[in-house]
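**Q** Below are the structure tokens for one structure; questions will follow.
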2 protein chains.
Amino acid sequence: MKRVTIYDVAKEADVSLATVSRVINGSEVVKGATKEKVEAAIKKMGYKPNAIAQGLALQKTTTIALVIPEASYTYTGQIINGLLDVAKIYKYNIMIHTTTEGISEINEIIENIIKSRVDGVIIYNDRLEQDELAALTNYNMPIVVIGNRMSGSNVSSVFIDIKAAICELVTKYLETGIKDVAILQDRKHKYISEQMELGAKEAYEAKGLKFDNYIKIDASYRTSFDFCKHYLNDHRHEVMIANRDSQAIAISNASKEHEIKVPEEMEIVCVLDTKYNTMARPQISSFAIPSYDLGAVAMRVMTKMLAEEEENAQGSEIELSYLFTPRQSTK
Amino acid sequence: MKRVTIYDVAKEADVSLATVSRVINGSEVVKGATKEKVEAAIKKMGYKPNAIAQGLALQKTTTIALVIPEASYTYTGQIINGLLDVAKIYKYNIMIHTTTEGISEINEIIENIIKSRVDGVIIYNDRLEQDELAALTNYNMPIVVIGNRMSGSNVSSVFIDIKAAICELVTKYLETGIKDVAILQDRKHKYISEQMELGAKEAYEAKGLKFDNYIKIDASYRTSFDFCKHYLNDHRHEVMIANRDSQAIAISNASKEHEIKVPEEMEIVCVLDTKYNTMARPQISSFAIPSYDLGAVAMRVMTKMLAEEEENAQGSEIELSYLFTPRQSTK
DNA sequence: TTGAAAGCGCTAACAC
DNA sequence: GTGTTAGCGCTTTCAA
């Protein structure tokens, strides 16, 4: 099927290509009759404007690059859905790039992003290296970061205040007389782990206590479950808080093996859960993190930055709220 | 930061833009000295070729559109990873589009895909409507379908033979004297459900028996769990087979409430599982479906179709193999 | 081995 | 209102 161009349509409708261009771009100045004539020709020939050519002429691609860590769609899936739904509304396309653990192949991705001349970049990353961001900032394209609080010239962020969430929760426990709250490290998400520890510390210190129940997972353990099974041999806590539901479920399963009753003898809480928590027994109490909104808002912020047009505009920091959702794993 | 173009580099290196073009495209004819001069200029100015302009000139974008159903990243995540890894190797970009349940907004997506002039389309869908495919085929761009066996001019597919898998499993049960095997319908994945039923039928009929344990889920139930809880009030089976682990876990949880011991009194099997099965107790026996490979192979097939260049070439049907993996939910 | 110039499909002044 | 034309940044004949 021969690709039909704007010239073909112009010839068919017996007008100039400028007129066709006006019609497809909804210009007001075209006379009703010509407009109809052109539209008929477009329909007849099945003409679809070439977005690449438009991109060249307009110096914009209406596509946004999304950068996410590989292999964690369980958690990022909702974010992507939110992103795509909003992108659809504003007619933006999403180009997806995944980063692989560690490797500094991030530079390849950046190179790729620059070459493809996207209009903006949305990055989801637990811990974003400053120089990675700088590499992108150089090209002064709008950047939205999901999950980290940060902002600057042309960079905005959308995030949850995990530290505050944990602080609030721990404070509540401390006030009901529960003093032995532990936080389980999440090796793969250092920034969040850090925030969680800080939140607990803040809560303890506010009560004049010292927090030292940050449980580091020894690198020799293959899974959280293996570690927890071993850890519970000679440790007990009134409450254990994990980052993701997978870890909390590991704690829960390990507790079963040690015949520790949840929640009677130990309560378990996690920060981020997925639909799999609904299948877990007991179901883990968690913070309802609005993942979908994280994505949707990020995309909204992006379109706003794109619309503002001012180069080097100061970006915004948008904090989304969470809600603690008690389930079977807490009293 | 002013975008630097091929002209800027040409001027800097004191050659024509044609020469610069030759250098960035690795042409053999350029003299060593000039090549070095140009490369130095490129480096100095931080020049990155504009993929959009290249796309216009070459009539190809080196980007592939991926179409997947929304909100099921738990299952498609691995497929996407496989896809992206291979895409990276061949320097292809992936543009992601999601389809929403039912709505025929699929046409909007197709429109979008055509306009963005991607080089090919990869579609993952349980049941692909024939006319949707036709709409794309018209534009004679290569299409790879994941999950359905089909092929034709410019369309290939990569899939698992679910019917055969179920037939084999059921046959094994029948031969060990277990006659009451049931299949639980998956309302959201009609095609697979159908294949599963056909597989069971084939196995039963080969033994001169009749299969009538295809359990339809009444539309009035909100979740598989609700349904199973009710269903088990007055039904028992020796084996229950579900499509996804989420359903199998629902059966397992419902069994607990009815004090049916798994696997002693009932065995449970699922076709497709995710990492959440590793957290489930008991862990569900499943077919190891090579999701990652499904994606990786699909992308490989795509690059092959793209390389062949012949228009309207007959596509291929590639069947990937599965492996039954026994776990705690079977004897 | 290199350069000049046409063309990829479209937009947006500018002219009529 | 509509047409003409000069780009947008790059590739690729065709000449030199």
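For the structure tokens, the naming scheme is as follows: chains receive sequential letters (A, B, ...) according to their order of presentation, residues are indexed from 1 within each chain, and ligands are indexed from 1 in presentation order.
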What residues in chain D have any atom no more than 9 Å from chain A when counting only C-alpha atoms (C1' of nucleotides), and can you write them as a PyMOL selection string?

**A** chain D and resi 1-3+7-9

**Q** Write out as a count of residues only which residues come within 7 Å of segment 286-298 of chain B when counting only C-alpha atoms (C1' of nucleotides), dropping same-chain ones fewer than 4 positions away.

**A** 22

**Q** Would you give me, as a ChimeraX atom specification, the residues of chain C that come within 9 Å of chain A, using only C-alpha atoms (C1' of nucleotides)?

**A** /C:8-11

**Q** I need the contact residues of chain B against chain A, so if you could list those with any atom within 9 Å, counting only C-alpha atoms, and return them as a PyMOL selection string, that would help.

**A** chain B and resi 1-3+48-53+55-56+61+70-78+80-81+84-85+91+93-98+111-112+114-117+138-140+225+246+249-250+253+276+279-281

**Q** For those residues, write N, CA and C atoms to a file as a short mmCIF file (atom, residue, chain, number, x, y, z; two decimals), in the first residue's frame.

**A**
```
data_model
loop_
_atom_site.label_atom_id
_atom_site.label_comp_id
_atom_site.auth_asym_id
_atom_site.auth_seq_id
_atom_site.Cartn_x
_atom_site.Cartn_y
_atom_site.Cartn_z
N MET B 1 20.79 24.86 25.77
CA MET B 1 21.86 24.28 24.96
C MET B 1 21.40 24.14 23.51
N LYS B 2 22.01 24.89 22.68
CA LYS B 2 21.63 24.87 21.26
C LYS B 2 21.89 23.49 20.69
N ARG B 3 20.89 23.00 19.99
CA ARG B 3 21.03 21.70 19.34
C ARG B 3 22.07 21.81 18.24
N LYS B 48 24.77 14.74 18.41
CA LYS B 48 23.99 13.50 18.39
C LYS B 48 23.02 13.57 17.22
N PRO B 49 23.16 12.66 16.28
CA PRO B 49 22.29 12.67 15.09
C PRO B 49 20.82 12.73 15.50
N ASN B 50 20.04 13.46 14.78
CA ASN B 50 18.62 13.59 15.04
C ASN B 50 17.87 12.42 14.39
N ALA B 51 17.40 11.53 15.27
CA ALA B 51 16.75 10.31 14.77
C ALA B 51 15.50 10.63 13.96
N ILE B 52 14.86 11.73 14.25
CA ILE B 52 13.65 12.11 13.53
C ILE B 52 13.98 12.45 12.08
N ALA B 53 15.03 13.24 11.92
CA ALA B 53 15.44 13.60 10.56
C ALA B 53 15.91 12.37 9.80
N GLY B 55 14.88 9.44 10.34
CA GLY B 55 13.66 8.69 10.07
C GLY B 55 12.98 9.19 8.80
N LEU B 56 12.95 10.49 8.67
CA LEU B 56 12.31 11.08 7.49
C LEU B 56 13.08 10.71 6.23
N THR B 61 11.97 4.25 11.18
CA THR B 61 12.11 4.91 12.48
C THR B 61 12.88 4.12 13.51
N GLU B 70 -4.07 -3.41 29.22
CA GLU B 70 -3.75 -2.61 30.39
C GLU B 70 -3.80 -3.45 31.67
N ALA B 71 -3.04 -2.98 32.64
CA ALA B 71 -3.22 -3.49 34.00
C ALA B 71 -2.89 -4.95 34.22
N SER B 72 -2.05 -5.53 33.40
CA SER B 72 -1.73 -6.92 33.69
C SER B 72 -0.23 -7.13 33.65
N TYR B 73 0.48 -6.13 34.10
CA TYR B 73 1.93 -6.20 34.04
C TYR B 73 2.52 -7.35 34.84
N THR B 74 1.74 -7.83 35.80
CA THR B 74 2.24 -8.96 36.58
C THR B 74 2.59 -10.09 35.63
N TYR B 75 1.75 -10.26 34.64
CA TYR B 75 1.99 -11.35 33.70
C TYR B 75 2.77 -10.92 32.47
N THR B 76 2.58 -9.70 32.04
CA THR B 76 3.26 -9.26 30.83
C THR B 76 4.64 -8.67 31.11
N GLY B 77 4.91 -8.39 32.38
CA GLY B 77 6.18 -7.76 32.72
C GLY B 77 7.38 -8.48 32.16
N GLN B 78 7.41 -9.79 32.34
CA GLN B 78 8.55 -10.56 31.85
C GLN B 78 8.63 -10.52 30.32
N ILE B 80 7.71 -8.07 28.47
CA ILE B 80 8.26 -6.76 28.12
C ILE B 80 9.77 -6.74 28.33
N ASN B 81 10.21 -7.32 29.42
CA ASN B 81 11.65 -7.37 29.67
C ASN B 81 12.39 -8.10 28.55
N LEU B 84 12.41 -5.86 25.46
CA LEU B 84 13.29 -4.71 25.55
C LEU B 84 14.76 -5.10 25.48
N ASP B 85 15.08 -6.23 26.09
CA ASP B 85 16.47 -6.66 26.05
C ASP B 85 16.93 -6.90 24.62
N LYS B 91 19.13 -2.12 18.66
CA LYS B 91 18.96 -0.67 18.63
C LYS B 91 17.55 -0.22 18.23
N ASN B 93 13.76 1.04 19.37
CA ASN B 93 13.03 1.62 20.48
C ASN B 93 11.64 1.02 20.55
N ILE B 94 11.07 1.03 21.74
CA ILE B 94 9.73 0.47 21.91
C ILE B 94 8.77 1.55 22.36
N MET B 95 7.69 1.65 21.62
CA MET B 95 6.63 2.58 21.97
C MET B 95 5.50 1.74 22.54
N ILE B 96 5.06 2.07 23.72
CA ILE B 96 4.10 1.20 24.37
C ILE B 96 2.67 1.75 24.31
N HIS B 97 1.75 0.88 23.95
CA HIS B 97 0.33 1.25 23.88
C HIS B 97 -0.48 0.22 24.66
N THR B 98 -1.43 0.68 25.44
CA THR B 98 -2.25 -0.29 26.16
C THR B 98 -3.69 -0.23 25.70
N GLU B 111 -4.60 4.01 14.63
CA GLU B 111 -4.41 5.31 13.98
C GLU B 111 -3.08 5.92 14.41
N ASN B 112 -2.90 5.89 15.72
CA ASN B 112 -1.71 6.44 16.32
C ASN B 112 -0.44 5.74 15.82
N ILE B 114 -0.04 4.08 13.04
CA ILE B 114 0.19 4.40 11.64
C ILE B 114 0.87 5.76 11.52
N LYS B 115 0.32 6.73 12.23
CA LYS B 115 0.87 8.08 12.15
C LYS B 115 2.32 8.14 12.60
N SER B 116 2.64 7.36 13.60
CA SER B 116 4.01 7.46 14.11
C SER B 116 4.99 6.67 13.26
N ARG B 117 4.50 6.05 12.22
CA ARG B 117 5.35 5.40 11.22
C ARG B 117 6.39 4.45 11.83
N ASN B 138 -3.13 -3.93 6.36
CA ASN B 138 -3.29 -3.05 5.22
C ASN B 138 -2.06 -2.21 4.94
N TYR B 139 -1.43 -1.79 6.01
CA TYR B 139 -0.30 -0.90 5.84
C TYR B 139 0.99 -1.68 5.62
N ASN B 140 0.82 -2.90 5.35
CA ASN B 140 1.90 -3.87 5.21
C ASN B 140 3.14 -3.58 6.04
N PHE B 225 -12.14 -15.88 44.25
CA PHE B 225 -12.20 -16.39 45.62
C PHE B 225 -13.65 -16.53 46.08
N SER B 246 -3.13 -16.45 40.27
CA SER B 246 -4.05 -15.72 41.14
C SER B 246 -5.33 -16.54 41.37
N ILE B 249 -4.51 -19.61 43.55
CA ILE B 249 -4.36 -19.23 44.95
C ILE B 249 -5.74 -18.98 45.56
N ALA B 250 -6.63 -18.45 44.76
CA ALA B 250 -8.01 -18.25 45.23
C ALA B 250 -8.63 -19.60 45.58
N ASN B 253 -7.01 -20.78 48.80
CA ASN B 253 -7.53 -20.08 49.98
C ASN B 253 -8.95 -20.53 50.31
N TYR B 276 4.79 -14.30 42.58
CA TYR B 276 3.97 -14.36 43.78
C TYR B 276 3.61 -15.76 44.19
N MET B 279 5.53 -16.97 47.01
CA MET B 279 5.13 -16.56 48.36
C MET B 279 3.90 -17.31 48.84
N ALA B 280 3.21 -17.93 47.90
CA ALA B 280 1.96 -18.60 48.28
C ALA B 280 2.25 -19.85 49.08
N ARG B 281 1.35 -20.20 49.98
CA ARG B 281 1.44 -21.45 50.73
C ARG B 281 0.11 -22.16 50.63
#
```

**Q** For a test of reading the model, state the distance in Å between atom CA of Ala13 of chain B and atom CA of Lys37 of chain B, rounded to one decimal.

**A** 5.9 Å

**Q** Please return, as an NGL selection string, all residues of segment 221-278 of chain B that DSSP assigns to strand (DSSP E) on the basis of the backbone.

**A** :B and (239-244 or 267-272)

**Q** Tell me, in Å to one decimal, how far atom CA of Glu197 of chain A is from atom CA of Val301 of chain A.

**A**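 So the answer is 29.7 Å.
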
**Q** Quick one: DSSP alpha helix (DSSP H) residues in segment 166-293 of chain A, as an mmCIF file with C-alpha atoms, in the first residue's frame?

**A**
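The new file selection_38.cif reads:
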```cif
data_model
loop_
_atom_site.group_PDB
_atom_site.id
_atom_site.type_symbol
_atom_site.label_atom_id
_atom_site.label_comp_id
_atom_site.auth_asym_id
_atom_site.auth_seq_id
_atom_site.Cartn_x
_atom_site.Cartn_y
_atom_site.Cartn_z
ATOM 1 C CA ILE A 166 6.712 5.631 58.983
ATOM 2 C CA CYS A 167 7.208 8.258 61.649
ATOM 3 C CA GLU A 168 3.493 8.620 62.075
ATOM 4 C CA LEU A 169 2.910 4.880 62.266
ATOM 5 C CA VAL A 170 5.728 4.240 64.702
ATOM 6 C CA THR A 171 4.602 7.113 66.890
ATOM 7 C CA LYS A 172 1.181 5.537 67.119
ATOM 8 C CA TYR A 173 2.726 2.271 68.254
ATOM 9 C CA LEU A 174 4.947 3.965 70.798
ATOM 10 C CA GLU A 175 1.952 5.753 72.252
ATOM 11 C CA LYS A 190 18.265 2.030 49.482
ATOM 12 C CA TYR A 191 16.650 5.403 49.377
ATOM 13 C CA ILE A 192 13.321 4.177 50.671
ATOM 14 C CA SER A 193 14.997 2.011 53.282
ATOM 15 C CA GLU A 194 16.887 5.058 54.434
ATOM 16 C CA GLN A 195 13.715 7.098 54.631
ATOM 17 C CA MET A 196 12.021 4.392 56.637
ATOM 18 C CA GLU A 197 14.852 4.246 59.126
ATOM 19 C CA LEU A 198 14.876 8.021 59.447
ATOM 20 C CA GLY A 199 11.139 8.050 60.068
ATOM 21 C CA ALA A 200 11.436 5.480 62.845
ATOM 22 C CA LYS A 201 14.347 7.339 64.391
ATOM 23 C CA GLU A 202 12.409 10.544 64.422
ATOM 24 C CA ALA A 203 9.467 8.878 66.143
ATOM 25 C CA TYR A 204 11.648 7.250 68.787
ATOM 26 C CA GLU A 205 13.643 10.363 69.454
ATOM 27 C CA ALA A 206 10.527 12.428 69.888
ATOM 28 C CA SER A 224 14.115 -12.398 52.333
ATOM 29 C CA PHE A 225 12.394 -15.576 53.386
ATOM 30 C CA ASP A 226 15.653 -17.418 53.994
ATOM 31 C CA PHE A 227 16.945 -14.519 55.984
ATOM 32 C CA CYS A 228 13.817 -14.110 58.072
ATOM 33 C CA LYS A 229 13.671 -17.790 58.873
ATOM 34 C CA HIS A 230 17.164 -17.561 60.255
ATOM 35 C CA TYR A 231 16.701 -14.193 61.902
ATOM 36 C CA ASP A 245 4.549 -6.787 50.372
ATOM 37 C CA SER A 246 6.822 -9.493 49.047
ATOM 38 C CA GLN A 247 9.114 -8.942 52.004
ATOM 39 C CA ALA A 248 6.258 -8.718 54.467
ATOM 40 C CA ILE A 249 4.851 -11.967 53.157
ATOM 41 C CA ALA A 250 8.295 -13.502 53.574
ATOM 42 C CA ILE A 251 8.265 -12.427 57.212
ATOM 43 C CA SER A 252 4.788 -13.796 57.581
ATOM 44 C CA ASN A 253 5.725 -17.148 56.069
ATOM 45 C CA ALA A 254 8.854 -17.346 58.214
ATOM 46 C CA SER A 255 6.754 -16.586 61.297
ATOM 47 C CA LYS A 256 4.560 -19.534 60.468
ATOM 48 C CA GLU A 257 7.567 -21.820 60.527
ATOM 49 C CA SER A 291 0.752 4.202 42.374
ATOM 50 C CA TYR A 292 -1.642 4.953 39.558
ATOM 51 C CA ASP A 293 -1.808 8.575 40.640
#
```

**Q** Excluding same-chain residues fewer than 2 positions from Val239 of chain B, what lies within 12 Å of it counting only C-alpha atoms (C1' of nucleotides), as a VMD selection string?

**A** chain B and resid 169 to 170 172 to 174 177 to 184 213 235 to 237 241 to 242 248 251 to 252 261 to 270 285 329 to 331

**Q** Please compute the atom CA of Ile68 of chain A-atom CA of Val67 of chain B distance, one decimal, in Å.

**A** 18.2 Å
